[in-house]
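Quick look at model_10.tsv (TSV, C-alpha atoms):
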```tsv
chain	number	residue	atom	x	y	z
Q	1	MET	CA	34.60	-33.49	-8.47
Q	2	GLY	CA	35.15	-36.14	-11.13
Q	3	ILE	CA	38.53	-37.39	-12.25
Q	4	PHE	CA	38.01	-35.95	-15.72
Q	5	SER	CA	37.34	-32.41	-14.53
Q	6	LYS	CA	40.27	-32.62	-12.13
Q	7	LEU	CA	42.51	-33.74	-14.98
Q	8	SER	CA	41.26	-31.09	-17.35
Q	9	GLN	CA	41.80	-28.42	-14.69
Q	10	TRP	CA	45.33	-29.68	-14.17
Q	11	LEU	CA	45.99	-29.57	-17.90
Q	12	LEU	CA	44.48	-26.12	-18.13
Q	13	SER	CA	46.65	-24.88	-15.30
Q	14	ILE	CA	49.73	-26.11	-17.19
Q	15	PHE	CA	48.82	-24.77	-20.60
Q	16	GLY	CA	47.20	-21.64	-19.27
Q	17	LYS	CA	43.90	-22.06	-21.09
Q	18	ARG	CA	41.00	-20.85	-19.10
Q	19	HIS	CA	37.57	-19.44	-19.64
Q	20	VAL	CA	37.05	-16.43	-17.42
Q	21	ARG	CA	34.61	-13.57	-17.08
Q	22	ILE	CA	36.36	-10.22	-17.04
Q	23	GLY	CA	34.72	-6.87	-16.32
Q	24	ILE	CA	35.98	-3.45	-17.36
Q	25	TYR	CA	35.36	-0.95	-14.56
Q	26	GLY	CA	36.14	2.68	-14.01
Q	27	PRO	CA	34.77	6.21	-13.77
Q	28	PRO	CA	32.60	7.66	-16.57
Q	29	ASN	CA	34.43	8.63	-19.77
Q	30	ALA	CA	37.59	6.69	-18.93
Q	31	GLY	CA	37.14	4.85	-22.25
Q	32	LYS	CA	35.73	1.53	-21.05
Q	33	THR	CA	33.61	0.91	-24.14
Q	34	THR	CA	36.44	2.03	-26.42
Q	35	LEU	CA	38.67	-0.54	-24.71
Q	36	ALA	CA	35.98	-3.26	-24.88
Q	37	ASN	CA	35.55	-2.51	-28.59
Q	38	ARG	CA	39.32	-2.58	-29.12
Q	39	ILE	CA	39.67	-5.99	-27.44
Q	40	ALA	CA	36.64	-7.42	-29.24
Q	41	MET	CA	37.80	-6.01	-32.62
Q	42	ASP	CA	41.34	-7.32	-32.16
Q	43	TRP	CA	40.30	-10.86	-31.30
Q	44	ALA	CA	36.73	-11.35	-32.51
Q	45	GLY	CA	36.30	-8.73	-35.22
Q	46	GLU	CA	33.19	-7.18	-33.66
Q	47	ILE	CA	32.40	-4.21	-31.45
Q	48	VAL	CA	30.68	-4.35	-28.07
Q	49	GLY	CA	28.88	-1.01	-27.87
Q	50	GLU	CA	28.48	2.56	-29.00
Q	51	VAL	CA	30.85	5.23	-27.68
Q	52	SER	CA	30.15	8.91	-27.12
Q	53	GLU	CA	31.83	11.96	-25.66
Q	54	ILE	CA	28.79	12.57	-23.45
Q	55	PRO	CA	29.47	10.84	-20.12
Q	56	HIS	CA	27.37	7.80	-19.14
Q	57	GLU	CA	26.82	6.60	-22.70
Q	58	THR	CA	26.90	3.01	-21.39
Q	59	ARG	CA	24.05	2.69	-18.93
Q	60	LYS	CA	23.54	-1.05	-19.09
Q	61	ILE	CA	25.97	-3.95	-18.94
Q	62	GLN	CA	27.26	-4.95	-22.41
Q	63	LYS	CA	28.68	-8.39	-22.94
Q	64	LYS	CA	30.77	-10.14	-25.57
Q	65	ASP	CA	31.27	-13.84	-25.00
Q	66	ARG	CA	34.10	-16.16	-25.89
Q	67	ILE	CA	36.88	-13.86	-26.99
Q	68	VAL	CA	40.12	-15.82	-27.29
Q	69	ILE	CA	43.22	-13.80	-26.47
Q	70	LYS	CA	46.61	-15.24	-27.35
Q	71	ASP	CA	50.00	-14.35	-25.97
Q	72	GLY	CA	52.75	-16.53	-27.42
Q	73	LYS	CA	51.77	-20.12	-26.66
Q	74	SER	CA	49.30	-19.23	-23.91
Q	75	SER	CA	45.74	-18.26	-24.58
Q	76	LEU	CA	42.81	-17.13	-22.54
Q	77	THR	CA	39.12	-17.28	-23.36
Q	78	ILE	CA	37.20	-14.39	-21.88
Q	79	ASP	CA	33.62	-13.25	-21.63
Q	80	LEU	CA	34.08	-9.52	-21.69
Q	81	ILE	CA	31.74	-7.32	-19.62
Q	82	ASP	CA	31.64	-3.62	-20.38
Q	83	THR	CA	30.08	-1.74	-17.45
Q	84	PRO	CA	28.50	1.68	-16.92
Q	85	GLY	CA	30.81	4.28	-15.37
Q	86	ILE	CA	30.84	4.44	-11.60
Q	87	ALA	CA	30.23	7.91	-10.20
Q	88	THR	CA	29.23	9.53	-6.92
Q	89	LYS	CA	27.18	12.33	-8.47
Q	90	ILE	CA	25.11	12.25	-11.64
Q	91	ASP	CA	23.49	15.56	-12.53
Q	92	TYR	CA	21.22	15.98	-15.54
Q	93	HIS	CA	22.38	19.59	-15.96
Q	94	ASP	CA	25.76	18.24	-17.08
Q	95	PHE	CA	24.12	16.38	-19.98
Q	96	MET	CA	22.18	19.44	-21.08
Q	97	ALA	CA	25.51	21.13	-21.71
Q	98	TYR	CA	25.98	18.56	-24.51
Q	99	GLY	CA	22.74	19.66	-26.14
Q	100	LEU	CA	20.38	17.07	-24.68
Q	101	SER	CA	16.83	18.18	-23.89
Q	102	GLU	CA	15.84	18.42	-20.24
Q	103	GLU	CA	13.70	15.32	-20.57
Q	104	GLU	CA	16.45	13.30	-22.25
Q	105	ALA	CA	19.01	14.52	-19.73
Q	106	LYS	CA	16.85	13.54	-16.76
Q	107	LYS	CA	16.18	10.11	-18.25
Q	108	ARG	CA	19.92	9.66	-18.84
Q	109	ALA	CA	20.70	10.63	-15.24
Q	110	LYS	CA	18.24	8.09	-13.85
Q	111	GLU	CA	19.48	5.31	-16.16
Q	112	ALA	CA	23.11	6.13	-15.36
Q	113	THR	CA	22.35	5.88	-11.63
Q	114	GLU	CA	20.71	2.49	-12.15
Q	115	GLY	CA	23.76	1.56	-14.24
Q	116	VAL	CA	26.08	2.22	-11.29
Q	117	ILE	CA	24.05	-0.18	-9.14
Q	118	GLU	CA	24.03	-2.82	-11.89
Q	119	ALA	CA	27.76	-2.51	-12.53
Q	120	ILE	CA	28.58	-3.05	-8.86
Q	121	LYS	CA	26.19	-6.01	-8.57
Q	122	TRP	CA	28.05	-7.69	-11.45
Q	123	LEU	CA	31.26	-7.80	-9.42
Q	124	ASP	CA	29.82	-10.86	-7.67
Q	125	SER	CA	29.95	-12.93	-10.85
Q	126	LEU	CA	33.37	-12.01	-12.23
Q	127	ASP	CA	36.75	-13.77	-12.27
Q	128	GLY	CA	38.80	-10.65	-12.88
Q	129	VAL	CA	38.64	-6.93	-13.52
Q	130	ILE	CA	40.38	-4.38	-15.70
Q	131	LEU	CA	40.21	-1.12	-13.78
Q	132	LEU	CA	40.40	1.51	-16.46
Q	133	LEU	CA	41.51	4.95	-15.33
Q	134	ASP	CA	41.97	8.15	-17.29
Q	135	SER	CA	45.70	8.97	-17.13
Q	136	THR	CA	44.96	12.66	-17.80
Q	137	LYS	CA	43.00	12.95	-14.55
Q	138	ASN	CA	43.67	12.90	-10.83
Q	139	PRO	CA	43.80	9.25	-9.73
Q	140	PHE	CA	42.91	9.94	-6.10
Q	141	THR	CA	39.17	10.14	-6.40
Q	142	GLN	CA	36.55	8.60	-4.18
Q	143	VAL	CA	35.40	6.39	-7.06
Q	144	ASN	CA	38.88	5.00	-7.88
Q	145	ILE	CA	39.83	4.42	-4.26
Q	146	THR	CA	36.49	2.76	-3.43
Q	147	ILE	CA	36.61	0.37	-6.40
Q	148	LEU	CA	40.24	-0.47	-5.74
Q	149	GLY	CA	39.64	-1.11	-2.03
Q	150	ASN	CA	36.70	-3.35	-2.81
Q	151	LEU	CA	38.61	-5.36	-5.42
Q	152	GLU	CA	41.39	-5.90	-2.91
Q	153	ALA	CA	38.94	-6.98	-0.21
Q	154	ARG	CA	37.30	-9.42	-2.62
Q	155	GLU	CA	40.71	-10.75	-3.62
Q	156	LEU	CA	39.59	-10.44	-7.21
Q	157	PRO	CA	42.53	-10.39	-9.66
Q	158	PHE	CA	42.73	-7.04	-11.42
Q	159	ILE	CA	44.90	-4.95	-13.70
Q	160	ILE	CA	44.95	-1.17	-13.71
Q	161	ALA	CA	45.04	0.21	-17.23
Q	162	ALA	CA	46.05	3.86	-17.52
Q	163	ASN	CA	44.15	4.95	-20.60
Q	164	LYS	CA	44.45	7.93	-22.96
Q	165	VAL	CA	48.28	7.99	-23.00
Q	166	ASP	CA	47.99	9.42	-26.53
Q	167	LEU	CA	46.69	12.69	-25.07
Q	168	ASN	CA	48.95	15.61	-24.15
Q	169	GLY	CA	47.96	15.90	-20.49
Q	170	SER	CA	48.52	12.20	-19.83
Q	171	THR	CA	50.72	11.24	-16.88
Q	172	PRO	CA	50.70	7.43	-16.57
Q	173	ALA	CA	53.70	7.68	-14.24
Q	174	THR	CA	51.49	9.43	-11.68
Q	175	LEU	CA	49.10	6.47	-11.81
Q	176	LYS	CA	51.96	4.02	-11.40
Q	177	SER	CA	53.29	5.83	-8.36
Q	178	ALA	CA	49.76	6.22	-6.98
Q	179	PHE	CA	49.23	2.46	-6.95
Q	180	PRO	CA	52.74	1.01	-6.60
Q	181	GLN	CA	51.56	-2.40	-5.37
Q	182	HIS	CA	49.50	-3.05	-8.50
Q	183	ASP	CA	50.14	-3.77	-12.17
Q	184	VAL	CA	49.59	-0.55	-14.09
Q	185	VAL	CA	49.62	-0.80	-17.89
Q	186	PRO	CA	49.71	2.50	-19.81
Q	187	ILE	CA	47.56	2.18	-22.94
Q	188	SER	CA	45.57	4.05	-25.53
Q	189	ALA	CA	42.42	2.11	-26.29
Q	190	LEU	CA	41.68	4.59	-29.06
Q	191	THR	CA	44.97	4.28	-30.98
Q	192	GLY	CA	45.79	0.74	-29.85
Q	193	LEU	CA	49.08	1.80	-28.26
Q	194	ASN	CA	50.54	-0.79	-25.86
Q	195	MET	CA	47.57	-3.12	-26.27
Q	196	ASN	CA	50.05	-6.00	-26.61
Q	197	LEU	CA	51.27	-5.20	-23.08
Q	198	LEU	CA	47.71	-5.30	-21.78
Q	199	TYR	CA	47.01	-8.65	-23.48
Q	200	GLU	CA	50.22	-10.05	-22.03
Q	201	ALA	CA	49.22	-8.85	-18.56
Q	202	MET	CA	45.69	-10.22	-18.96
Q	203	VAL	CA	46.84	-13.71	-19.98
Q	204	LYS	CA	49.33	-13.73	-17.11
Q	205	LYS	CA	46.98	-12.38	-14.47
Q	206	PHE	CA	43.68	-14.01	-15.36
Q	207	SER	CA	44.98	-17.48	-16.27
Q	208	LYS	CA	45.84	-18.14	-12.66
Q	209	ARG	CA	43.20	-19.88	-10.64
Q	210	LYS	CA	41.71	-18.05	-7.71
Q	211	LYS	CA	42.93	-19.46	-4.43
W	1	MET	CA	-1.34	22.97	40.46
W	2	PRO	CA	-4.60	21.06	40.56
W	3	HIS	CA	-6.13	19.03	37.74
W	4	GLN	CA	-9.82	19.12	37.12
W	5	CYS	CA	-11.66	16.22	35.53
W	6	LEU	CA	-13.43	17.64	32.49
W	7	LYS	CA	-16.22	15.08	32.69
W	8	CYS	CA	-17.42	15.38	36.30
W	9	GLY	CA	-15.61	18.52	37.43
W	10	LYS	CA	-13.85	16.97	40.44
W	11	VAL	CA	-10.51	18.60	41.30
W	12	TYR	CA	-7.42	16.59	42.24
W	13	GLU	CA	-4.14	17.80	43.71
W	14	ASP	CA	-2.42	14.51	42.93
W	15	SER	CA	-1.40	14.27	39.28
W	16	LYS	CA	-1.42	10.44	39.31
W	17	TYR	CA	-5.14	10.54	38.43
W	18	VAL	CA	-4.20	12.14	35.14
W	19	ILE	CA	-2.69	8.82	34.14
W	20	ASP	CA	-5.04	6.46	35.98
W	21	GLY	CA	-8.26	8.29	35.12
W	22	CYS	CA	-10.79	9.99	37.39
W	23	PRO	CA	-11.70	7.69	40.34
W	24	ASN	CA	-15.09	9.36	40.52
W	25	CYS	CA	-16.37	9.03	36.94
W	26	GLY	CA	-13.54	7.31	34.98
W	27	GLY	CA	-12.91	10.42	32.86
W	28	LYS	CA	-9.64	10.54	30.94
W	29	SER	CA	-9.41	14.23	30.16
W	30	PHE	CA	-8.11	16.71	32.70
W	31	TYR	CA	-7.65	20.43	32.69
W	32	TYR	CA	-4.66	21.98	34.42
W	33	THR	CA	-5.97	25.07	36.18
W	34	LYS	CA	-5.95	27.12	39.38
W	35	LYS	CA	-9.56	28.12	38.96
W	36	PRO	CA	-12.03	25.24	38.48
W	37	LEU	CA	-14.14	25.57	35.32
W	38	ASP	CA	-17.91	25.50	35.19
W	39	GLU	CA	-19.71	22.71	33.38
W	40	LYS	CA	-20.41	24.71	30.22
W	41	LYS	CA	-16.75	25.57	29.73
W	42	ARG	CA	-15.71	21.96	30.46
W	43	GLN	CA	-18.14	20.64	27.83
W	44	GLU	CA	-16.73	23.10	25.29
W	45	ILE	CA	-13.17	21.92	25.86
W	46	LEU	CA	-14.20	18.25	25.76
W	47	LYS	CA	-15.95	18.79	22.44
W	48	GLU	CA	-12.90	20.55	21.05
W	49	ILE	CA	-10.63	17.65	22.06
W	50	GLU	CA	-13.02	15.15	20.53
W	51	ASN	CA	-13.13	17.03	17.22
W	52	LYS	CA	-9.38	17.30	17.12
W	53	GLU	CA	-8.93	13.59	17.75
W	54	ASN	CA	-11.39	12.78	15.03
W	55	ARG	CA	-9.54	14.97	12.58
W	56	GLU	CA	-6.18	13.49	13.41
W	57	PHE	CA	-6.89	9.82	13.72
W	58	ILE	CA	-9.99	9.06	11.72
W	59	ASN	CA	-9.49	10.17	8.17
W	60	ILE	CA	-11.32	7.23	6.64
W	61	ASP	CA	-14.34	9.21	5.68
W	62	ILE	CA	-16.58	6.65	4.01
W	63	LYS	CA	-20.10	7.81	3.35
W	64	LYS	CA	-21.60	4.47	2.39
W	65	GLU	CA	-24.45	2.66	4.04
W	66	LYS	CA	-24.19	-0.98	3.02
W	67	ILE	CA	-21.36	-3.05	4.51
W	68	GLU	CA	-20.47	-4.42	1.04
W	69	ASP	CA	-20.00	-0.88	-0.26
W	70	ILE	CA	-17.80	0.02	2.69
W	71	LEU	CA	-15.61	-3.05	2.15
W	72	GLU	CA	-15.37	-2.28	-1.56
W	73	GLU	CA	-14.30	1.28	-0.75
W	74	ILE	CA	-11.64	0.03	1.69
W	75	ARG	CA	-10.32	-2.40	-0.94
W	76	LYS	CA	-10.09	0.41	-3.50
W	77	ARG	CA	-8.18	2.66	-1.12
W	78	LYS	CA	-5.75	-0.12	-0.21
W	79	GLU	CA	-5.03	-0.69	-3.88
W	80	GLU	CA	-4.44	3.00	-4.36
W	81	ALA	CA	-1.94	3.06	-1.46
W	82	LEU	CA	-0.15	0.02	-2.92
W	83	ARG	CA	0.09	1.71	-6.31
W	84	GLU	CA	1.66	4.73	-4.66
W	85	ALA	CA	4.23	2.48	-2.94
W	86	GLU	CA	4.90	0.70	-6.22
W	87	LYS	CA	5.55	4.01	-7.98
W	88	LEU	CA	8.08	4.94	-5.31
W	89	GLY	CA	9.69	1.50	-5.61
W	90	LYS	CA	10.52	2.19	-9.26
W	91	LYS	CA	12.57	5.22	-8.33
W	92	VAL	CA	16.30	4.69	-8.15
W	93	GLU	CA	16.88	7.12	-5.28
W	94	SER	CA	16.34	6.06	-1.69
W	95	ILE	CA	15.93	9.61	-0.39
W	96	SER	CA	14.59	12.52	-2.37
W	97	VAL	CA	15.06	16.09	-1.14
W	98	LYS	CA	11.99	18.02	-2.31
W	99	GLN	CA	13.25	21.17	-0.65
W	100	VAL	CA	15.30	21.75	2.46
W	101	GLY	CA	13.30	20.20	5.28
W	102	GLU	CA	11.03	18.16	3.01
W	103	TYR	CA	12.14	14.64	2.18
W	104	GLU	CA	10.64	11.62	0.53
W	105	ILE	CA	12.01	8.34	1.82
W	106	ASN	CA	11.89	5.31	-0.43
W	107	VAL	CA	11.51	2.81	2.39
W	108	LYS	CA	11.19	-0.17	0.04
W	109	ARG	CA	14.59	0.48	-1.54
W	110	LEU	CA	16.25	1.31	1.77
W	111	ILE	CA	15.00	-1.87	3.44
W	112	GLU	CA	15.37	-4.29	0.56
W	113	GLU	CA	18.65	-3.09	-0.91
W	114	GLY	CA	20.15	-0.67	1.58
W	115	THR	CA	21.43	1.56	-1.19
W	116	ILE	CA	21.83	5.19	-0.24
W	117	ILE	CA	21.20	7.40	-3.25
W	118	ILE	CA	20.03	10.93	-2.60
W	119	TYR	CA	18.19	12.90	-5.25
W	120	LYS	CA	18.33	16.67	-5.02
W	121	GLU	CA	17.62	19.29	-7.66
W	122	GLY	CA	18.11	16.92	-10.58
W	123	ALA	CA	21.31	15.34	-9.32
W	124	TYR	CA	21.77	11.84	-7.94
W	125	TYR	CA	24.32	11.62	-5.13
W	126	ILE	CA	25.54	8.05	-4.77
W	127	TYR	CA	27.06	6.85	-1.52
W	128	LEU	CA	29.32	4.16	-2.96
W	129	PRO	CA	30.01	2.16	0.23
W	130	SER	CA	26.28	1.41	0.48
W	131	LEU	CA	26.45	-0.25	-2.96
W	132	PHE	CA	29.66	-2.21	-2.54
W	133	LYS	CA	28.81	-5.13	-0.33
W	134	THR	CA	31.36	-6.38	2.15
W	135	PRO	CA	32.76	-9.37	0.34
W	136	LYS	CA	32.21	-12.83	1.72
W	137	ARG	CA	35.22	-14.43	3.24
```

Transcribe the structure of this file into structure tokens.
Amino acid sequence: MGIFSKLSQWLLSIFGKRHVRIGIYGPPNAGKTTLANRIAMDWAGEIVGEVSEIPHETRKIQKKDRIVIKDGKSSLTIDLIDTPGIATKIDYHDFMAYGLSEEEAKKRAKEATEGVIEAIKWLDSLDGVILLLDSTKNPFTQVNITILGNLEARELPFIIAANKVDLNGSTPATLKSAFPQHDVVPISALTGLNMNLLYEAMVKKFSKRKK
Amino acid sequence: MPHQCLKCGKVYEDSKYVIDGCPNCGGKSFYYTKKPLDEKKRQEILKEIENKENREFINIDIKKEKIEDILEEIRKRKEEALREAEKLGKKVESISVKQVGEYEINVKRLIEEGTIIIYKEGAYYIYLPSLFKTPKR
């Protein structure tokens, strides 16, 4: 490693400026694309992808590069990766309930399954993760526990964001007590509530170099 | 019980000849019986075995005369088999349950990626631990 890159790394570590690749992960319909769009709109003025109430709308990785997030004097440049929802069962019958034809529903199920594989493969090339959970739902699911366990084993820095706090059934406190050893930020990606807290947590968490 | 060689009709008490072959004529097929069979009956059974073996093991039924034509036919069939494998390789599931007791195994995906995804009645069941690799230390 050259002297210049060593010096620039040292400077970066002091001023907290880093370029990192951050992935948004979570179960289907947790609001990952809504959050990605919120972050991209807030800092880059553009959206990342389409959202829909039908689960598995995002079936391929969506990426928005070079978003600069500022928190006070510190800033963080991120390449934001929006991923397909991770699920253990994808049934085309569920999509037909939303009015999709059998053919469309079957295609969606296959693509969503491929999306799960792609999303997990991407973990290898990330510097950090926002694990987005739906605060109106039971946190103790196979999907949540598996992702969490894997992130811990990889020693990948991550923040848990408890989304949909604007909804009536939301219980972010349950999420906090479910994962007491982790940072849990209650947000609403849709209304923008507490996004400042998430940005603060992101700059703090993802600016640190991996050991 | 004695074994009778179907080829020459000799009867043996010792079953080791069933494995070694008939010391008299080298026959490999034996009939397990108390009452030795006559030659006609033995020939019938031998023919039956032969037909059965042909059905089971030789299903390359090429009715061509010239060697070039036979080779061309073999090449075509190999291509066909490869296409079938390719089609299966495009499927996302590693195991497909056609109906209870009837399964289609996507060997390519299982061997190359090790992902366990079961497809049954329109639903994909994903075994997450097979997708999440053990991280490198």

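One distance worth recording is that between atom CA of Pro84 of chain Q and atom CA of Ser135 of chain Q, which is 18.7 Å.
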
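Residues with any atom within 9 Å of Gly122 of chain W, counting all atoms listed in the file and excluding same-chain neighbours fewer than 3 positions away, are Ile90, Asp91, Tyr92, His93, Lys106 and Ala109 of chain Q; Tyr119 of chain W.
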
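Closest to chain Q among W:Lys91, W:Ser96, W:Val18, W:Ile105 is W:Lys91, based on all atoms listed in the file.
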
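Proximity of Q:Lys204, Q:His56, Q:His19, Q:Lys121 to chain W, computed with all atoms listed in the file, is greatest for Q:Lys121.
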
Tell me the residues of chain Q close to chain W, meaning within 10 Å using only C-alpha atoms, as a PyMOL selection string.
chain Q and resi 86-94+105-106+109-114+116-121+123-124+142-143+146-147+150-155

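If all atoms listed in the file are the atoms counted, then among Q:Phe4, Q:Tyr25, Q:Phe179, Q:Trp43 the closest residue to Met195 of chain Q is Q:Trp43.
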
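Across Q:Lys107, Q:Lys137, Q:His182, Q:Lys208, the tightest approach to Pro28 of chain Q is made by Q:Lys137 when counting only C-alpha atoms.
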
Size and centre in Å, one decimal, axis-aligned box, all listed segment 13-17 of chain W atoms plus 6 Å per side, as AutoDock Vina command-line options:
```
--center_x -3.3 --center_y 14.1 --center_z 41.1 --size_x 15.7 --size_y 19.4 --size_z 17.3
```

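Our summary of the geometry notes that atom CA of Glu104 of chain W is positioned 26.7 Å from atom CA of Lys60 of chain Q.
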
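The interatomic distance for the pair atom CA of Leu148 of chain Q and atom CA of Val129 of chain Q works out to 10.2 Å.
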